[in-house]
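Enquirer: Just my_file_37.txt, nothing more (compact mmCIF, C-alpha atoms):
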# COMPACT_ATOMS: atom_id res chain seq x y z
CA MET A 2 43.46 -37.10 63.26
CA PHE A 3 40.96 -35.60 65.66
CA PHE A 4 37.19 -35.13 65.77
CA ASN A 5 34.22 -33.33 64.27
CA ILE A 6 32.32 -32.53 67.46
CA HIS A 7 28.58 -32.11 67.97
CA GLY A 8 29.23 -29.57 70.67
CA GLN A 9 25.75 -29.39 72.14
CA PHE A 10 25.61 -33.16 72.70
CA VAL A 11 29.00 -33.93 74.23
CA LYS A 12 28.30 -35.89 77.41
CA GLU A 13 31.63 -35.32 79.15
CA PRO A 14 33.11 -32.02 77.97
CA GLN A 15 35.86 -32.06 80.59
CA TYR A 16 37.16 -35.35 79.23
CA LEU A 17 37.20 -33.86 75.71
CA ILE A 18 39.04 -30.78 76.96
CA GLU A 19 41.66 -32.96 78.63
CA LEU A 20 41.95 -35.16 75.53
CA THR A 21 42.52 -32.06 73.39
CA ALA A 22 45.19 -30.80 75.79
CA HIS A 23 46.90 -34.19 75.63
CA MET A 24 46.71 -34.76 71.87
CA LYS A 25 47.23 -31.16 70.74
CA PRO A 26 45.67 -31.77 67.31
CA LYS A 27 46.34 -29.42 64.42
CA TRP A 28 42.60 -29.00 63.83
CA ALA A 29 39.28 -29.65 65.55
CA LEU A 30 35.72 -28.82 64.54
CA VAL A 31 32.95 -27.90 66.99
CA MET A 32 29.35 -27.37 65.96
CA ASP A 33 26.90 -25.13 67.85
CA ASN A 34 28.93 -24.62 71.01
CA ILE A 35 31.22 -21.59 71.02
CA PRO A 36 32.03 -21.85 74.76
CA LEU A 37 33.28 -25.42 74.24
CA ALA A 38 35.24 -24.36 71.15
CA LEU A 39 36.97 -21.67 73.19
CA GLN A 40 37.70 -24.12 75.99
CA LEU A 41 39.38 -26.46 73.52
CA LYS A 42 41.37 -23.51 72.16
CA ALA A 43 42.50 -22.63 75.68
CA ALA A 44 43.48 -26.25 76.33
CA SER A 45 45.54 -26.43 73.13
CA PRO A 46 46.38 -22.88 71.94
CA ASN A 47 48.07 -24.03 68.73
CA THR A 48 45.07 -26.04 67.58
CA ASN A 49 43.01 -24.44 64.82
CA ILE A 50 39.41 -24.62 66.02
CA ILE A 51 36.69 -24.54 63.37
CA HIS A 52 33.26 -23.50 64.59
CA ARG A 53 30.14 -24.30 62.64
CA ILE A 54 26.71 -22.84 63.34
CA TYR A 55 24.32 -25.43 61.98
CA LYS A 56 22.21 -24.33 59.06
CA PRO A 57 20.55 -26.64 56.50
CA ASN A 58 22.86 -27.52 53.62
CA GLY A 59 22.82 -24.68 51.10
CA TYR A 60 21.49 -22.07 53.51
CA TRP A 61 24.41 -19.68 53.02
CA VAL A 62 25.29 -20.14 49.36
CA ASP A 63 21.73 -19.15 48.45
CA ARG A 64 22.36 -15.79 50.12
CA ASN A 65 24.72 -12.92 49.51
CA PRO A 66 28.17 -13.66 51.02
CA SER A 67 27.88 -10.40 52.97
CA GLU A 68 25.12 -12.04 55.05
CA TRP A 69 27.48 -14.86 56.02
CA ILE A 70 30.13 -12.30 56.99
CA GLN A 71 27.75 -10.14 59.03
CA PHE A 72 26.39 -13.16 60.85
CA HIS A 73 29.84 -14.40 61.80
CA LEU A 74 31.06 -10.95 62.77
CA GLY A 75 28.41 -11.07 65.49
CA LEU A 76 29.83 -14.20 67.10
CA PRO A 77 31.84 -13.90 70.32
CA GLU A 78 35.61 -14.36 70.04
CA ARG A 79 35.20 -14.61 66.28
CA ASP A 80 38.83 -13.79 65.51
CA SER A 81 40.17 -16.75 67.48
CA LEU A 82 38.14 -19.29 65.51
CA TRP A 83 37.90 -20.56 61.95
CA HIS A 84 34.41 -20.44 60.43
CA TYR A 85 32.69 -23.06 58.27
CA THR A 86 31.12 -21.64 55.11
CA ASP A 87 28.50 -24.18 53.99
CA ASN A 88 28.07 -27.94 53.89
CA GLU A 89 28.00 -30.45 51.02
CA VAL A 90 26.60 -28.12 48.36
CA GLY A 91 29.39 -28.41 45.80
CA VAL A 92 32.20 -25.95 45.19
CA ARG A 93 30.23 -22.75 44.45
CA PRO A 94 33.46 -20.99 43.38
CA HIS A 95 31.97 -17.57 42.58
CA TRP A 96 30.22 -17.38 45.95
CA HIS A 97 33.38 -18.38 47.84
CA THR A 98 35.60 -16.04 45.83
CA ASP A 99 33.21 -13.17 46.55
CA LEU A 100 33.20 -14.07 50.24
CA MET A 101 37.00 -14.10 50.40
CA ALA A 102 37.23 -10.73 48.63
CA ARG A 103 34.72 -9.14 51.00
CA SER A 104 36.46 -10.60 54.02
CA LEU A 105 39.88 -9.38 52.86
CA ASP A 106 38.48 -5.86 52.58
CA MET A 107 38.00 -5.82 56.34
CA LYS A 108 40.66 -4.69 58.78
CA THR A 109 40.67 -8.15 60.36
CA PRO A 110 39.50 -10.73 57.81
CA LEU A 111 37.49 -13.68 59.04
CA LYS A 112 39.18 -17.06 58.80
CA ALA A 113 37.04 -19.37 56.66
CA VAL A 114 36.98 -23.07 55.83
CA LEU A 115 35.69 -23.23 52.26
CA CYS A 116 33.37 -25.62 50.41
CA ASN A 117 33.29 -28.76 52.62
CA THR A 118 32.19 -30.84 49.64
CA SER A 119 30.64 -34.28 50.05
CA THR A 120 32.54 -37.54 49.55
CA GLY A 121 33.05 -38.35 45.88
CA SER A 122 32.62 -34.76 44.77
CA PRO A 123 33.32 -32.63 42.89
CA HIS A 124 34.12 -34.27 39.57
CA LEU A 125 37.78 -35.27 39.45
CA LEU A 126 38.40 -32.69 36.70
CA GLU A 127 36.51 -29.82 38.39
CA TRP A 128 39.54 -28.13 39.86
CA LYS A 129 41.55 -28.28 36.63
CA LEU A 130 38.89 -27.57 34.01
CA ASN A 131 36.71 -25.00 35.76
CA PRO A 132 38.60 -21.68 35.69
CA ALA A 133 36.41 -20.27 38.48
CA SER A 134 37.23 -23.18 40.80
CA LYS A 135 40.94 -22.94 40.06
CA ALA A 136 40.87 -19.18 40.68
CA MET A 137 39.13 -19.78 44.00
CA LEU A 138 41.85 -22.21 45.09
CA GLU A 139 44.61 -19.83 44.00
CA MET A 140 43.02 -17.00 45.97
CA ALA A 141 42.79 -19.22 49.04
CA ALA A 142 46.44 -20.21 48.60
CA ASP A 143 47.51 -16.56 48.28
CA HIS A 144 45.80 -15.80 51.60
CA ARG A 145 46.50 -19.07 53.39
CA ASP A 146 46.45 -17.46 56.83
CA HIS A 147 42.74 -16.80 56.37
CA PHE A 148 41.40 -19.49 54.06
CA VAL A 149 41.67 -23.27 53.81
CA LEU A 150 39.82 -25.76 51.62
CA GLY A 151 37.57 -28.13 53.55
CA LEU A 152 36.59 -31.51 52.09
CA HIS A 153 34.67 -34.59 53.23
CA GLU A 154 36.26 -37.94 52.47
CA TYR A 155 34.82 -41.20 53.82
CA PHE A 156 35.47 -44.88 53.18
CA MET A 157 32.84 -47.62 53.46
CA ALA A 158 33.96 -49.92 56.29
CA LEU A 159 37.27 -50.52 54.49
CA ALA A 160 39.88 -47.83 53.89
CA THR A 161 40.48 -49.48 50.51
CA THR A 162 37.01 -48.67 49.14
CA GLY A 163 37.89 -46.44 46.23
CA LEU A 164 41.50 -45.95 47.30
CA GLN A 165 44.29 -46.41 44.74
CA ASP A 166 42.07 -47.84 41.98
CA THR A 167 40.70 -50.46 44.41
CA ILE A 168 36.97 -51.15 44.62
CA ALA A 169 37.34 -52.80 48.04
CA GLU A 170 39.80 -55.19 49.66
CA ALA A 171 39.35 -56.71 53.13
CA ASP A 172 42.53 -58.83 53.12
CA THR A 173 45.12 -56.59 54.76
CA SER A 174 47.95 -58.68 53.32
CA LYS A 175 46.95 -57.25 49.94
CA TRP A 176 46.85 -53.62 51.06
CA PRO A 177 49.64 -51.64 49.37
CA VAL A 178 52.33 -50.53 51.80
CA THR A 179 53.06 -47.35 49.87
CA ARG A 180 50.96 -45.18 47.59
CA ASP A 181 51.30 -45.00 43.82
CA ASP A 182 50.54 -41.50 42.55
CA LYS A 183 49.72 -42.91 39.11
CA LYS A 184 46.61 -44.55 40.58
CA THR A 185 43.33 -42.76 41.25
CA ASP A 186 41.76 -42.15 44.64
CA TYR A 187 37.97 -41.88 44.38
CA HIS A 188 37.00 -41.30 48.02
CA ILE A 189 39.85 -41.11 50.53
CA GLY A 190 42.58 -39.14 48.77
CA ARG A 191 40.27 -37.52 46.21
CA TRP A 192 41.72 -34.17 47.32
CA ARG A 193 44.72 -34.87 45.07
CA SER A 194 42.64 -33.94 42.04
CA VAL A 195 43.15 -30.27 42.97
CA GLY A 196 46.61 -30.58 41.40
CA GLU A 197 49.52 -28.33 42.27
CA ILE A 198 48.39 -25.07 43.88
CA PRO A 199 51.42 -23.70 45.78
CA GLY A 200 50.44 -22.55 49.24
CA LEU A 201 47.02 -24.21 49.31
CA ARG A 202 45.95 -25.64 52.66
CA ILE A 203 43.45 -28.50 53.01
CA VAL A 204 41.63 -29.97 55.99
CA ILE A 205 39.32 -32.98 55.86
CA THR A 206 36.41 -31.72 57.92
CA GLU A 207 34.61 -35.08 57.93
CA THR A 208 36.01 -38.60 57.64
CA GLY A 209 35.30 -42.10 58.89
CA THR A 210 33.08 -44.90 57.63
CA ASP A 211 29.89 -44.11 55.72
CA ASP A 212 27.58 -45.55 53.09
CA LEU A 213 28.99 -44.96 49.58
CA THR A 214 26.23 -45.57 47.06
CA ASP A 215 28.56 -45.86 44.06
CA LEU A 216 29.94 -49.09 45.58
CA HIS A 217 26.65 -50.89 46.16
CA ASP A 218 26.65 -52.70 42.82
CA ARG A 219 30.39 -53.21 42.62
CA PHE A 220 30.94 -54.29 46.24
CA MET A 221 28.03 -54.30 48.72
CA LYS A 222 25.93 -51.92 50.78
CA ILE A 223 27.19 -51.10 54.25
CA GLU A 224 25.25 -48.38 56.01
CA GLY A 225 26.96 -45.35 57.51
CA GLY A 226 28.64 -45.21 60.90
CA TRP A 227 30.97 -47.49 62.82
CA GLU A 228 28.07 -49.35 64.45
CA LYS A 229 26.90 -50.55 61.02
CA ALA A 230 30.44 -51.46 59.96
CA ALA A 231 31.25 -53.37 63.17
CA PRO A 232 29.59 -56.70 62.17
CA PHE A 233 31.64 -56.75 58.97
CA TRP A 234 34.83 -55.99 60.88
CA ARG A 235 34.11 -58.89 63.26
CA ARG A 236 33.77 -61.19 60.25
CA TRP A 237 36.88 -59.94 58.47
CA TYR A 238 39.09 -59.32 61.52
CA PRO A 239 38.07 -61.71 64.33
CA ALA A 240 41.33 -61.06 66.18
CA LEU A 241 40.56 -57.33 66.49
CA THR A 242 38.08 -55.46 68.64
CA THR A 243 35.72 -53.03 66.97
CA GLU A 244 37.85 -50.10 68.08
CA GLU A 245 41.06 -51.73 66.85
CA ALA A 246 39.47 -52.47 63.47
CA TYR A 247 38.20 -48.91 63.11
CA TYR A 248 41.60 -47.54 64.11
CA MET A 249 43.35 -49.81 61.61
CA ASN A 250 41.24 -48.45 58.77
CA LEU A 251 41.54 -44.82 59.89
CA TRP A 252 45.32 -45.13 60.28
CA TYR A 253 45.69 -46.76 56.87
CA ALA A 254 43.48 -44.13 55.24
CA TRP A 255 45.70 -41.43 56.68
CA HIS A 256 48.95 -43.15 55.80
CA ILE A 257 48.07 -43.80 52.15
CA GLY A 258 45.69 -40.90 51.56
CA TYR A 259 47.16 -37.96 53.47
CA SER A 260 50.59 -38.43 55.06
CA ASN A 261 53.40 -36.18 53.81
CA SER A 262 50.95 -33.96 51.95
CA ILE A 263 49.25 -30.57 52.13
CA VAL A 264 46.36 -32.13 54.07
CA GLU A 265 46.89 -30.84 57.59
CA ASP A 266 44.38 -32.95 59.51
CA ALA A 267 41.25 -35.06 59.21
CA MET A 268 38.30 -34.94 61.62
CA ILE A 269 36.44 -38.14 62.41
CA TYR A 270 32.68 -37.74 62.29
CA CYS A 271 31.49 -37.54 64.96
CA PHE A 272 32.13 -36.95 68.66
CA GLY A 273 28.81 -36.50 70.50
CA SER A 274 25.30 -37.02 69.12
CA ASN A 275 21.66 -36.42 69.96
CA PRO A 276 20.33 -39.63 71.58
CA ALA A 277 16.82 -38.69 70.46
CA SER A 278 17.92 -39.07 66.83
CA ARG A 279 18.49 -42.84 67.11
CA GLY A 280 16.54 -44.66 64.46
CA GLY A 281 15.64 -41.48 62.59
CA HIS A 282 16.74 -40.11 59.23
CA ASP A 283 19.54 -38.05 60.80
CA ASP A 284 20.74 -40.73 63.23
CA TRP A 285 24.30 -39.73 64.07
CA THR A 286 24.46 -41.98 67.15
CA ARG A 287 25.81 -44.79 64.94
CA PHE A 288 28.73 -42.52 63.97
CA ASP A 289 29.35 -41.24 67.51
CA VAL A 290 32.79 -42.20 68.89
CA GLU A 291 32.58 -40.34 72.21
CA ASN A 292 32.34 -43.57 74.19
CA LEU A 293 35.09 -45.34 72.24
CA ARG A 294 37.82 -44.52 74.74
CA ARG A 295 40.11 -47.24 73.44
CA LEU A 296 39.90 -45.68 69.97
CA HIS A 297 40.86 -42.30 71.43
CA LYS A 298 43.90 -43.87 73.08
CA LEU A 299 44.97 -45.60 69.89
CA ILE A 300 44.70 -42.35 67.92
CA ALA A 301 46.64 -40.46 70.59
CA GLU A 302 49.44 -43.06 70.51
CA TRP A 303 49.32 -43.32 66.69
CA LYS A 304 51.22 -46.60 66.50
CA ILE A 305 51.16 -49.09 63.63
CA PRO A 306 47.87 -50.97 64.08
CA LYS A 307 47.48 -54.65 64.80
CA GLY A 308 47.11 -56.36 61.47
CA LEU A 309 49.38 -53.94 59.62
CA GLU A 310 52.70 -54.76 61.25
CA ARG A 311 54.24 -55.48 57.84
CA MET A 312 54.04 -51.74 57.10
CA ALA A 313 56.55 -50.88 59.82
CA PRO A 314 59.58 -50.55 57.50
CA TYR A 315 57.66 -48.13 55.29
CA VAL A 316 56.31 -45.94 58.07
CA ASN A 317 59.26 -45.86 60.44
CA PRO A 318 62.24 -46.84 58.30
CA THR A 319 65.26 -48.04 60.20
CA LYS A 320 67.69 -45.23 60.78
CA PRO A 321 71.13 -45.71 59.21
CA ALA A 322 73.71 -46.95 61.63
CA GLU A 323 75.61 -44.15 63.28
CA PRO A 324 79.26 -44.02 62.21
CA PRO A 325 81.62 -45.24 64.91
CA PRO A 326 83.19 -42.51 67.02
CA PRO A 327 86.67 -41.45 65.95
CA PRO A 328 89.47 -43.25 67.78
CA PRO A 329 90.99 -41.35 70.68
CA PRO A 330 94.12 -39.40 69.82
CA PRO A 331 97.35 -41.29 70.41
CA PRO A 332 99.17 -40.50 73.63
CA PRO A 333 101.85 -37.85 73.35
CA LEU A 334 105.33 -39.07 72.52
CA PRO A 335 107.67 -39.19 75.49
CA LYS A 336 110.00 -36.32 75.70
Can you present the structure in this file as structure tokens?
Expert:
Amino acid sequence: MFFNIHGQFVKEPQYLIELTAHMKPKWALVMDNIPLALQLKAASPNTNIIHRIYKPNGYWVDRNPSEWIQFHLGLPERDSLWHYTDNEVGVRPHWHTDLMARSLDMKTPLKAVLCNTSTGSPHLLEWKLNPASKAMLEMAADHRDHFVLGLHEYFMALATTGLQDTIAEADTSKWPVTRDDKKTDYHIGRWRSVGEIPGLRIVITETGTDDLTDLHDRFMKIEGGWEKAAPFWRRWYPALTTEEAYYMNLWYAWHIGYSNSIVEDAMIYCFGSNPASRGGHDDWTRFDVENLRRLHKLIAEWKIPKGLERMAPYVNPTKPAEPPPPPPPPPPLPK
């Protein structure tokens, strides 16, 4: 796991650069700061850096895909970055298929992160029953060096909200230690509804804790962002700090929702935020983890969290005992 970064609001970019060099994540996302994106790429050359130029949701899919391509062709160092198509506006399969076809016609196709659908969408049967959506995924899989599917998957304070047929469960002793593929994942793990598309690549471009309205009646309302979840964590997990509780849920979400799968990485929303937004409609300060240095350290170490020690045998199974070394050859017979 790494971060979805509000590039223009990062307070200590050098720290983030050093953290990237240390963690060497598979993916990172930077919004509205190409110089920072390129610095992260230089710090960790094998990391896939997604860059997003902020536009209101739906800005691009209401235009011809050629406009998206022309705009991104004008960006500096465009070929070293992955480019975000649009944000939380559904699948739009025809638009994305057209974009991929136009990009592939170029000598050097742009690398694009497609769809970036909101949590709980699309419908669980969209990928299987909509021929246009399935064709889009197959095209992305056929050209996996240039296209990946981006999705948003959040939980609401608890990783178990909507995971494995569970509405919500705070008692960690009841959290399953392994996943059951016969059960349904409604939020974290919803990506599995794409089915089997050989070669398809998926990245979770936003994850973390957010408000999930479909759980208000069945569970409770917990507003978005770790700051809003923290009072509940203190009640449920008094032995853990806020950062330890957040890490425990993030780690569990990854282990049950994504490990050993085609999901390559998940980016926690968000790192950096506009302080002037606090209290407003788009207040991302309550999501901002830039100052949660202990959380960064826990993610970098990626050890079994406090509170989930019972999962150790299932995450790091004991290696079989090595066979004893063969006995030394007998001494030569006397002549």
Enquirer: Hey, can you check how far atom CA of A:Asp87 sits from atom CA of A:Glu68?
Expert: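 Computed distance, atom CA of A:Asp87 to atom CA of A:Glu68, equals 12.6 Å.
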Enquirer: Give one line per residue of stretch 111-193 of chain A that approaches stretch 268-290 of chain A to at most 10 Å, naming the two atoms of the closest pair and their distance in Å to one decimal, counting all atoms listed in the file; sort by chain then ascending residue number and deliver it as a tab-separated table.
Expert:
residue	atom	partner	partner_atom	distance
A:His153	CA	A:Met268	CA	9.1
A:Glu154	CA	A:Met268	CA	9.8
A:Tyr155	CA	A:Ile269	CA	9.3
Enquirer: Selection from above, C-alpha atoms, as a PDB file, keeping the file's coordinate frame, can you write it?
Expert:
ATOM      1  CA  HIS A 153      34.670 -34.590  53.230  1.00  0.00           C
ATOM      2  CA  GLU A 154      36.260 -37.940  52.470  1.00  0.00           C
ATOM      3  CA  TYR A 155      34.820 -41.200  53.820  1.00  0.00           C
TER       4      TYR A 155
END
Enquirer: Select, from A:Leu164, A:Arg103, A:Glu170, A:Lys12, the residue with the minimum atom-to-atom distance to A:Met221, counting all atoms listed in the file.
Expert: A:Glu170
Enquirer: Please tabulate, as JSON lines, the residues of stretch 32-55 of chain A that come within 12 Å of stretch 106-112 of chain A, each with its closest pair of atoms and the distance in Å to one decimal, counting all atoms listed in the file and ordering rows by chain, then residue number upward.
Expert:
{"residue": "A:Asn49", "atom": "CA", "partner": "A:Lys112", "partner_atom": "CA", "distance": 10.3}
{"residue": "A:Ile50", "atom": "CA", "partner": "A:Lys112", "partner_atom": "CA", "distance": 10.5}
{"residue": "A:Ile51", "atom": "CA", "partner": "A:Lys112", "partner_atom": "CA", "distance": 9.1}
{"residue": "A:His52", "atom": "CA", "partner": "A:Lys112", "partner_atom": "CA", "distance": 10.5}
Enquirer: For the atom pair atom CA of A:Ala113 and atom CA of A:Pro14, what is the interatomic distance in Å to one decimal place?
Expert: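 Pair atom CA of A:Ala113 / atom CA of A:Pro14 returns 25.1 Å.
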Enquirer: Could you jot down the atom CA of A:Ala102 to atom CA of A:Met32 separation for me, Å, one decimal place?
Expert: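 Atom CA of A:Met32 lies at a distance of 25.3 Å from atom CA of A:Ala102.
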Enquirer: Please determine, counting all atoms listed in the file, which residue among A:Pro46, A:Pro26, A:Pro94, A:Pro306 has the shortest atom-to-atom distance to A:Pro66.
Expert: A:Pro94
Enquirer: Please identify all polymer residues within 9 Å of A:Trp252, counting all atoms listed in the file, omitting same-chain residues fewer than 4 positions from it, and present them as an MDAnalysis selection string.
Expert: chainID A and resid 2 160 247:248 256:257 300 303:306
Enquirer: In file coordinates, which residues lie within 10 Å of (34.4, -49.9, 58.8) using only C-alpha atoms, given as number ranges by chain?
Expert: A: 156-160, 209-212, 223-234, 243-244, 246-251
